[in-house]
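**Q** You'll find structure-v6.tsv just under this line, and it carries TSV, C-alpha atoms.
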```tsv
chain	number	residue	atom	x	y	z
A	1	MET	CA	159.57	87.83	158.43
A	2	ARG	CA	156.42	85.63	158.32
A	3	VAL	CA	154.90	87.74	161.08
A	4	PHE	CA	155.53	90.85	159.00
A	5	PHE	CA	153.83	89.46	155.86
A	6	ALA	CA	150.93	88.11	157.92
A	7	ALA	CA	150.36	91.58	159.32
A	8	LEU	CA	150.35	93.04	155.80
A	9	LEU	CA	147.84	90.41	154.68
A	10	LEU	CA	145.53	91.17	157.56
A	11	ALA	CA	145.74	94.88	156.82
A	12	ALA	CA	144.92	94.32	153.15
A	13	THR	CA	141.87	92.14	153.83
A	14	ALA	CA	140.43	94.10	156.80
A	15	PRO	CA	137.21	96.02	156.08
A	16	ALA	CA	137.78	99.67	155.35
A	17	ILE	CA	136.97	102.12	158.11
A	18	ALA	CA	134.99	105.16	157.01
A	19	THR	CA	137.02	108.32	157.28
A	20	GLY	CA	134.48	110.83	155.90
A	21	PRO	CA	133.29	113.89	157.79
A	22	ALA	CA	131.85	113.27	161.24
A	23	MET	CA	128.08	113.25	161.55
A	24	ALA	CA	126.90	116.78	162.33
A	25	GLN	CA	125.55	117.28	165.81
A	26	PRO	CA	122.10	118.85	166.06
A	27	ALA	CA	122.24	122.54	166.92
A	28	PRO	CA	121.17	123.32	170.48
A	29	GLN	CA	117.65	124.68	170.79
A	30	ASP	CA	117.34	128.45	170.86
A	31	TRP	CA	114.67	129.10	173.47
A	32	ASN	CA	114.34	132.69	172.26
A	33	LEU	CA	112.07	131.22	169.60
A	34	THR	CA	109.64	129.77	172.15
A	35	TYR	CA	106.82	132.16	172.90
A	36	ALA	CA	103.60	131.96	174.91
A	37	ASP	CA	100.74	134.25	175.86
A	38	THR	CA	100.28	133.45	179.55
A	39	GLY	CA	96.99	135.27	179.89
A	40	LYS	CA	98.72	137.78	182.15
A	41	GLY	CA	101.63	138.71	179.92
A	42	HIS	CA	103.98	137.50	177.21
A	43	ARG	CA	106.64	134.87	177.95
A	44	VAL	CA	109.73	133.93	176.00
A	45	GLY	CA	111.95	130.98	176.84
A	46	ASN	CA	111.88	127.47	178.23
A	47	PRO	CA	108.64	127.02	180.20
A	48	ASP	CA	110.49	124.52	182.42
A	49	ALA	CA	113.58	126.69	182.94
A	50	PRO	CA	114.96	126.73	186.50
A	51	VAL	CA	114.50	130.51	186.59
A	52	GLN	CA	111.02	131.89	185.91
A	53	MET	CA	111.07	135.67	185.87
A	54	ILE	CA	108.33	138.26	185.46
A	55	GLU	CA	109.21	141.79	184.37
A	56	TYR	CA	106.81	144.62	185.20
A	57	VAL	CA	107.44	147.49	182.82
A	58	SER	CA	106.01	150.88	181.91
A	59	TYR	CA	106.85	152.18	178.46
A	60	THR	CA	107.17	155.76	179.74
A	61	CYS	CA	109.65	154.71	182.45
A	62	PRO	CA	113.22	155.80	181.56
A	63	HIS	CA	114.65	153.20	183.94
A	64	CYS	CA	112.74	150.50	182.06
A	65	ALA	CA	114.18	151.71	178.76
A	66	ASN	CA	117.69	151.71	180.19
A	67	TYR	CA	117.20	148.22	181.65
A	68	ALA	CA	115.91	146.94	178.31
A	69	ARG	CA	118.95	148.27	176.44
A	70	VAL	CA	121.53	147.09	178.98
A	71	SER	CA	120.07	143.63	179.62
A	72	GLU	CA	119.04	142.63	176.10
A	73	GLY	CA	122.16	140.83	174.91
A	74	ALA	CA	123.18	139.09	178.13
A	75	LEU	CA	119.64	138.10	179.12
A	76	ARG	CA	118.47	136.79	175.77
A	77	LEU	CA	121.71	135.03	174.80
A	78	GLY	CA	123.12	133.88	178.12
A	79	TYR	CA	119.94	132.96	179.97
A	80	VAL	CA	116.82	132.73	177.80
A	81	GLY	CA	118.48	131.31	174.69
A	82	GLU	CA	120.23	128.53	176.60
A	83	GLY	CA	117.09	127.52	178.49
A	84	LYS	CA	118.30	128.77	181.86
A	85	ALA	CA	115.53	131.37	182.27
A	86	ALA	CA	112.11	132.23	180.94
A	87	VAL	CA	110.98	135.85	180.96
A	88	GLU	CA	107.39	137.07	181.08
A	89	VAL	CA	106.66	140.75	180.39
A	90	ARG	CA	103.65	142.38	182.01
A	91	HIS	CA	102.47	145.94	181.50
A	92	LEU	CA	102.27	148.31	184.44
A	93	ILE	CA	100.19	151.25	183.25
A	94	ARG	CA	101.00	154.67	184.72
A	95	ASN	CA	99.41	157.09	182.25
A	96	PRO	CA	97.55	157.32	178.90
A	97	ILE	CA	100.79	157.17	176.89
A	98	ASP	CA	101.49	153.78	178.46
A	99	ILE	CA	98.10	152.57	177.27
A	100	ALA	CA	98.73	153.72	173.69
A	101	ALA	CA	102.20	152.16	173.68
A	102	ALA	CA	100.85	148.89	175.09
A	103	LEU	CA	98.09	148.80	172.45
A	104	VAL	CA	100.75	149.18	169.76
A	105	THR	CA	103.04	146.47	171.13
A	106	GLU	CA	100.03	144.16	171.44
A	107	CYS	CA	99.08	144.87	167.80
A	108	GLY	CA	99.84	142.30	165.12
A	109	PRO	CA	100.98	138.66	165.37
A	110	ALA	CA	101.24	137.55	168.99
A	111	ASP	CA	104.56	135.79	168.44
A	112	ARG	CA	106.11	139.09	167.33
A	113	PHE	CA	105.28	140.86	170.59
A	114	PHE	CA	108.88	140.91	171.79
A	115	ASP	CA	110.06	142.49	168.52
A	116	ARG	CA	107.58	145.34	168.99
A	117	HIS	CA	108.38	145.57	172.70
A	118	ARG	CA	112.08	145.91	171.88
A	119	ALA	CA	111.37	148.53	169.20
A	120	MET	CA	109.33	150.63	171.61
A	121	PHE	CA	112.20	150.81	174.07
A	122	LEU	CA	114.91	151.27	171.44
A	123	GLY	CA	113.00	154.29	170.16
A	124	PHE	CA	112.30	155.59	173.66
A	125	ASP	CA	114.61	158.61	173.65
A	126	THR	CA	113.08	159.95	170.45
A	127	TRP	CA	109.40	159.56	171.22
A	128	ILE	CA	109.60	160.49	174.91
A	129	ALA	CA	111.25	163.78	173.89
A	130	LYS	CA	108.25	164.47	171.68
A	131	ALA	CA	105.92	163.69	174.59
A	132	GLN	CA	107.81	166.06	176.88
A	133	ALA	CA	107.68	168.80	174.24
A	134	ALA	CA	103.97	168.35	173.53
A	135	THR	CA	102.02	171.59	173.29
A	136	PRO	CA	98.98	172.29	175.50
A	137	ALA	CA	96.80	171.72	172.42
A	138	GLN	CA	98.32	168.27	171.87
A	139	GLN	CA	97.92	167.30	175.50
A	140	ALA	CA	94.29	168.42	175.37
A	141	ARG	CA	93.72	166.07	172.43
A	142	TRP	CA	95.19	163.23	174.46
A	143	ARG	CA	92.54	163.75	177.13
A	144	SER	CA	89.41	164.52	175.09
A	145	GLY	CA	87.03	162.58	172.87
A	146	THR	CA	86.62	158.83	172.86
A	147	ILE	CA	89.33	156.46	174.07
A	148	ALA	CA	90.05	155.60	170.44
A	149	GLN	CA	90.51	159.27	169.56
A	150	GLN	CA	92.80	159.82	172.54
A	151	MET	CA	94.95	156.79	171.74
A	152	GLN	CA	95.24	157.67	168.07
A	153	ALA	CA	96.16	161.25	168.94
A	154	ILE	CA	98.95	160.08	171.26
A	155	ALA	CA	100.31	157.57	168.77
A	156	GLY	CA	100.15	160.10	165.95
A	157	ASP	CA	101.92	162.85	167.88
A	158	LEU	CA	104.66	160.49	169.10
A	159	ASP	CA	105.16	158.81	165.72
A	160	PHE	CA	104.37	155.29	166.89
A	161	HIS	CA	103.25	154.41	163.35
A	162	GLU	CA	106.70	155.13	161.93
A	163	LEU	CA	108.34	153.33	164.83
A	164	MET	CA	106.43	150.14	164.07
A	165	GLU	CA	106.69	150.24	160.29
A	166	PRO	CA	109.87	148.08	160.30
A	167	GLN	CA	107.90	145.53	162.35
A	168	GLY	CA	105.47	145.08	159.47
A	169	LEU	CA	102.59	147.10	160.89
A	170	GLY	CA	100.81	149.54	158.60
A	171	VAL	CA	99.05	152.74	159.62
A	172	ALA	CA	95.58	151.28	159.16
A	173	GLU	CA	96.37	148.20	161.27
A	174	ILE	CA	97.84	150.26	164.10
A	175	ASP	CA	94.86	152.63	164.05
A	176	ARG	CA	92.49	149.67	164.34
A	177	CYS	CA	94.40	148.43	167.37
A	178	LEU	CA	94.39	151.89	168.94
A	179	ALA	CA	90.62	152.09	168.42
A	180	ASP	CA	90.00	148.86	170.34
A	181	GLU	CA	88.46	150.32	173.50
A	182	ASP	CA	87.76	146.89	175.01
A	183	LYS	CA	91.43	145.99	174.65
A	184	ALA	CA	92.48	149.29	176.20
A	185	ARG	CA	90.26	148.72	179.23
A	186	ALA	CA	91.49	145.12	179.53
A	187	ILE	CA	95.12	146.28	179.54
A	188	VAL	CA	94.43	148.76	182.35
A	189	THR	CA	92.49	146.20	184.39
A	190	ALA	CA	95.15	143.52	183.91
A	191	SER	CA	97.85	146.01	184.92
A	192	GLN	CA	96.21	146.60	188.29
A	193	THR	CA	95.42	142.94	188.88
A	194	ASN	CA	98.92	141.82	187.97
A	195	ALA	CA	100.53	144.51	190.14
A	196	ASP	CA	98.37	143.50	193.10
A	197	GLU	CA	99.48	139.87	192.77
A	198	PHE	CA	103.00	140.69	193.97
A	199	ALA	CA	102.41	144.16	195.47
A	200	VAL	CA	104.41	145.81	192.68
A	201	THR	CA	104.51	149.61	192.96
A	202	SER	CA	107.39	150.67	190.69
A	203	THR	CA	109.04	149.87	187.39
A	204	PRO	CA	110.98	148.03	186.35
A	205	SER	CA	110.26	145.38	188.97
A	206	PHE	CA	111.09	141.71	188.85
A	207	VAL	CA	109.55	138.58	190.31
A	208	VAL	CA	112.01	135.68	190.35
A	209	ASN	CA	110.57	132.23	190.96
A	210	GLY	CA	107.51	133.67	192.63
A	211	THR	CA	109.26	136.20	194.87
A	212	LEU	CA	109.35	139.96	194.30
A	213	ALA	CA	112.97	141.13	194.18
A	214	GLU	CA	112.79	144.02	196.64
A	215	GLY	CA	114.91	147.02	195.69
A	216	VAL	CA	116.04	145.44	192.40
A	217	HIS	CA	115.45	147.73	189.41
A	218	THR	CA	118.60	147.38	187.27
A	219	TRP	CA	120.32	144.64	185.28
A	220	GLU	CA	123.36	144.84	187.56
A	221	THR	CA	121.30	144.03	190.66
A	222	LEU	CA	119.06	141.52	188.88
A	223	GLN	CA	121.69	139.33	187.23
A	224	PRO	CA	122.98	137.71	190.45
A	225	LEU	CA	119.43	136.54	191.21
A	226	LEU	CA	119.33	134.69	187.89
A	227	GLU	CA	122.44	132.77	188.94
A	228	THR	CA	121.13	131.97	192.43
A	229	PRO	CA	117.35	132.41	192.13
A	230	ALA	CA	115.14	132.95	195.14
A	231	SER	CA	113.28	129.82	196.17
```
Give the structure from the file, written as structure tokens.
**A**
Amino acid sequence: MRVFFAALLLAATAPAIATGPAMAQPAPQDWNLTYADTGKGHRVGNPDAPVQMIEYVSYTCPHCANYARVSEGALRLGYVGEGKAAVEVRHLIRNPIDIAAALVTECGPADRFFDRHRAMFLGFDTWIAKAQAATPAQQARWRSGTIAQQMQAIAGDLDFHELMEPQGLGVAEIDRCLADEDKARAIVTASQTNADEFAVTSTPSFVVNGTLAEGVHTWETLQPLLETPAS
């Protein structure tokens, strides 16, 4: 009996143990919020990720648009967001429409590039149909006058202004970007230089950890390389 009462006494005099809610654990970092202008393109993700990937894209490439739609969720959530991969987008210019589209995606705050890039591809089916249905008079406008006039004609006919309105870009701001002839020339020059670096000839193309993924142009063929990247 004494042992029993001694145990009760000890229990009564022991310091109370906190039983409140457990301390909240810090949320894991979302690397989708980490952006950098590399000087050659735009990168999102952990700069020290084990997988460093470069995407070469043309905005008028239907395969690029399909890749962008199919890969978006899995790539950004499963690889970039968790710090497993960083993705750098580089333009590969094939025609004047590509230049106008690139000028628009490069317009505005640099850290919103990927929002505009995504919007351009999500709207692809609509604006490419307008490009394919362009009249001879429209196409003539795209090839005549100053570079600024050509770019503004393309963007106007394909409704790029409306496409970018949800991204916070007004008509006047987009027109200023389209009129930047130095930027247009720099985009074309960088496209050729960047393509030469890895002998890229088609889009979309992918460089994984410094090696061009030969024959890989879809999310289905790319994803295994992100799991077992080339050395």
**Q** Measuring atom to atom with only C-alpha atoms, identify which of A:Leu222, A:Met164, A:Met120, A:Ala153 is nearest to Ala140 of chain A.
**A**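 Smallest distance to Ala140 of chain A is found for A:Ala153.
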**Q** Tell me, as an MDAnalysis selection string, which residues lie within 9 Å of Arg112 of chain A, counting only C-alpha atoms; anything in the same chain fewer than 6 positions away does not count.
**A** chainID A and resid 35 105:106 167
**Q** Can you tell me, as a list of chain:residue names, what residues are no more than 12 Å from Gln138 of chain A when counting only C-alpha atoms, ignoring any on the same chain fewer than 5 positions away?
**A** A:Lys130, A:Ala131, A:Gln132, A:Ala133, A:Arg143, A:Ser144, A:Gln150, A:Met151, A:Gln152, A:Ala153, A:Ile154, A:Ala155, A:Gly156, A:Asp157, A:Leu158
**Q** In the coordinates of the file, take the point (98.5, 156.9, 180.3) and a cut-off of 12 Å; then, counting all atoms listed in the file, name each qualifying protein, DNA or RNA residue as a PyMOL selection string.
**A** chain A and resi 58-61+91-103+131+139+142-143+147+150-151+154-155+184-185+187-188+191
**Q** In Å, with one decimal, what is the gap from atom CA of Leu178 of chain A to atom CA of Ala148 of chain A?
**A**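 Computing the Euclidean distance for atom CA of Leu178 of chain A and atom CA of Ala148 of chain A yields 5.9 Å.
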**Q** Point out the residue among A:Phe114, A:Tyr67, A:Phe124, A:Tyr79 with the least atom-to-atom distance to Pro204 of chain A, counting all atoms listed in the file.
**A**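 Looking only at the distances to Pro204 of chain A, the closest residue turns out to be A:Tyr67.
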**Q** Determine, counting all atoms listed in the file, which protein, DNA and RNA residues have an atom within 10 Å of an atom of Gly168 of chain A; residues of the same chain fewer than 5 positions away are not included. Present the result as a ChimeraX atom specification.
**A** /A:108-109,112,116,173
**Q** Would you please work out which residue, of A:Leu75, A:Ile54, A:Cys177, A:Val87, is nearest to Gln223 of chain A when using only C-alpha atoms?
**A** A:Leu75
**Q** Mind checking which residues fall within 12 Å of segment 213-220 of chain A, counting all atoms listed in the file, ignoring those fewer than 3 positions away in the same chain, and posting them as a ChimeraX atom specification?
**A** /A:53-57,61-75,198-210,223-226,229-231
**Q** Between atom CA of Trp127 of chain A and atom CA of Lys183 of chain A, what is the spacing in Å?
**A**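 Atom CA of Lys183 of chain A sits 22.8 Å away from atom CA of Trp127 of chain A.
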**Q** Have a look at A:Arg90, A:Arg118, A:Ala110, A:Val104 and name the one nearest to Arg176 of chain A; count all atoms listed in the file.
**A** A:Val104
**Q** Just checking: using all atoms listed in the file, which residue out of A:Val89, A:Asp159, A:Glu197, A:Thr189 ends up closest to Arg43 of chain A?
**A**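 The answer is A:Val89, which sits nearest to Arg43 of chain A.
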**Q** Missing atoms in segment 97-112 of chain A need filling: write out N, CA and C atoms for it as a PDB file, keeping the file's coordinate frame.
**A**
```pdb
ATOM      1  N   ILE A  97      99.774 157.527 177.890  1.00  0.00           N
ATOM      2  CA  ILE A  97     100.790 157.170 176.890  1.00  0.00           C
ATOM      3  C   ILE A  97     101.151 155.701 177.020  1.00  0.00           C
ATOM      4  N   ASP A  98     101.227 155.208 178.252  1.00  0.00           N
ATOM      5  CA  ASP A  98     101.490 153.780 178.460  1.00  0.00           C
ATOM      6  C   ASP A  98     100.429 152.919 177.792  1.00  0.00           C
ATOM      7  N   ILE A  99      99.178 153.358 177.878  1.00  0.00           N
ATOM      8  CA  ILE A  99      98.100 152.570 177.270  1.00  0.00           C
ATOM      9  C   ILE A  99      98.277 152.526 175.758  1.00  0.00           C
ATOM     10  N   ALA A 100      98.540 153.682 175.143  1.00  0.00           N
ATOM     11  CA  ALA A 100      98.730 153.720 173.690  1.00  0.00           C
ATOM     12  C   ALA A 100      99.918 152.856 173.271  1.00  0.00           C
ATOM     13  N   ALA A 101     101.015 152.950 174.013  1.00  0.00           N
ATOM     14  CA  ALA A 101     102.200 152.160 173.680  1.00  0.00           C
ATOM     15  C   ALA A 101     101.912 150.664 173.835  1.00  0.00           C
ATOM     16  N   ALA A 102     101.188 150.290 174.881  1.00  0.00           N
ATOM     17  CA  ALA A 102     100.850 148.890 175.090  1.00  0.00           C
ATOM     18  C   ALA A 102      99.935 148.380 173.975  1.00  0.00           C
ATOM     19  N   LEU A 103      98.975 149.193 173.557  1.00  0.00           N
ATOM     20  CA  LEU A 103      98.090 148.800 172.450  1.00  0.00           C
ATOM     21  C   LEU A 103      98.897 148.548 171.178  1.00  0.00           C
ATOM     22  N   VAL A 104      99.917 149.346 170.960  1.00  0.00           N
ATOM     23  CA  VAL A 104     100.750 149.180 169.760  1.00  0.00           C
ATOM     24  C   VAL A 104     101.603 147.926 169.859  1.00  0.00           C
ATOM     25  N   THR A 105     102.211 147.671 171.010  1.00  0.00           N
ATOM     26  CA  THR A 105     103.040 146.470 171.130  1.00  0.00           C
ATOM     27  C   THR A 105     102.197 145.201 171.108  1.00  0.00           C
ATOM     28  N   GLU A 106     100.929 145.312 171.477  1.00  0.00           N
ATOM     29  CA  GLU A 106     100.030 144.160 171.440  1.00  0.00           C
ATOM     30  C   GLU A 106      99.402 143.976 170.051  1.00  0.00           C
ATOM     31  N   CYS A 107      99.689 144.876 169.130  1.00  0.00           N
ATOM     32  CA  CYS A 107      99.080 144.870 167.800  1.00  0.00           C
ATOM     33  C   CYS A 107      99.870 143.941 166.872  1.00  0.00           C
ATOM     34  N   GLY A 108      99.157 143.165 166.069  1.00  0.00           N
ATOM     35  CA  GLY A 108      99.840 142.300 165.120  1.00  0.00           C
ATOM     36  C   GLY A 108     100.018 140.893 165.657  1.00  0.00           C
ATOM     37  N   PRO A 109     100.790 140.052 164.956  1.00  0.00           N
ATOM     38  CA  PRO A 109     100.980 138.660 165.370  1.00  0.00           C
ATOM     39  C   PRO A 109     101.495 138.555 166.802  1.00  0.00           C
ATOM     40  N   ALA A 110     100.872 137.670 167.579  1.00  0.00           N
ATOM     41  CA  ALA A 110     101.240 137.550 168.990  1.00  0.00           C
ATOM     42  C   ALA A 110     102.696 137.121 169.168  1.00  0.00           C
ATOM     43  N   ASP A 111     103.192 136.278 168.265  1.00  0.00           N
ATOM     44  CA  ASP A 111     104.560 135.790 168.440  1.00  0.00           C
ATOM     45  C   ASP A 111     105.614 136.818 168.040  1.00  0.00           C
ATOM     46  N   ARG A 112     105.175 138.001 167.609  1.00  0.00           N
ATOM     47  CA  ARG A 112     106.110 139.090 167.330  1.00  0.00           C
ATOM     48  C   ARG A 112     106.065 140.161 168.411  1.00  0.00           C
TER      49      ARG A 112
END
```
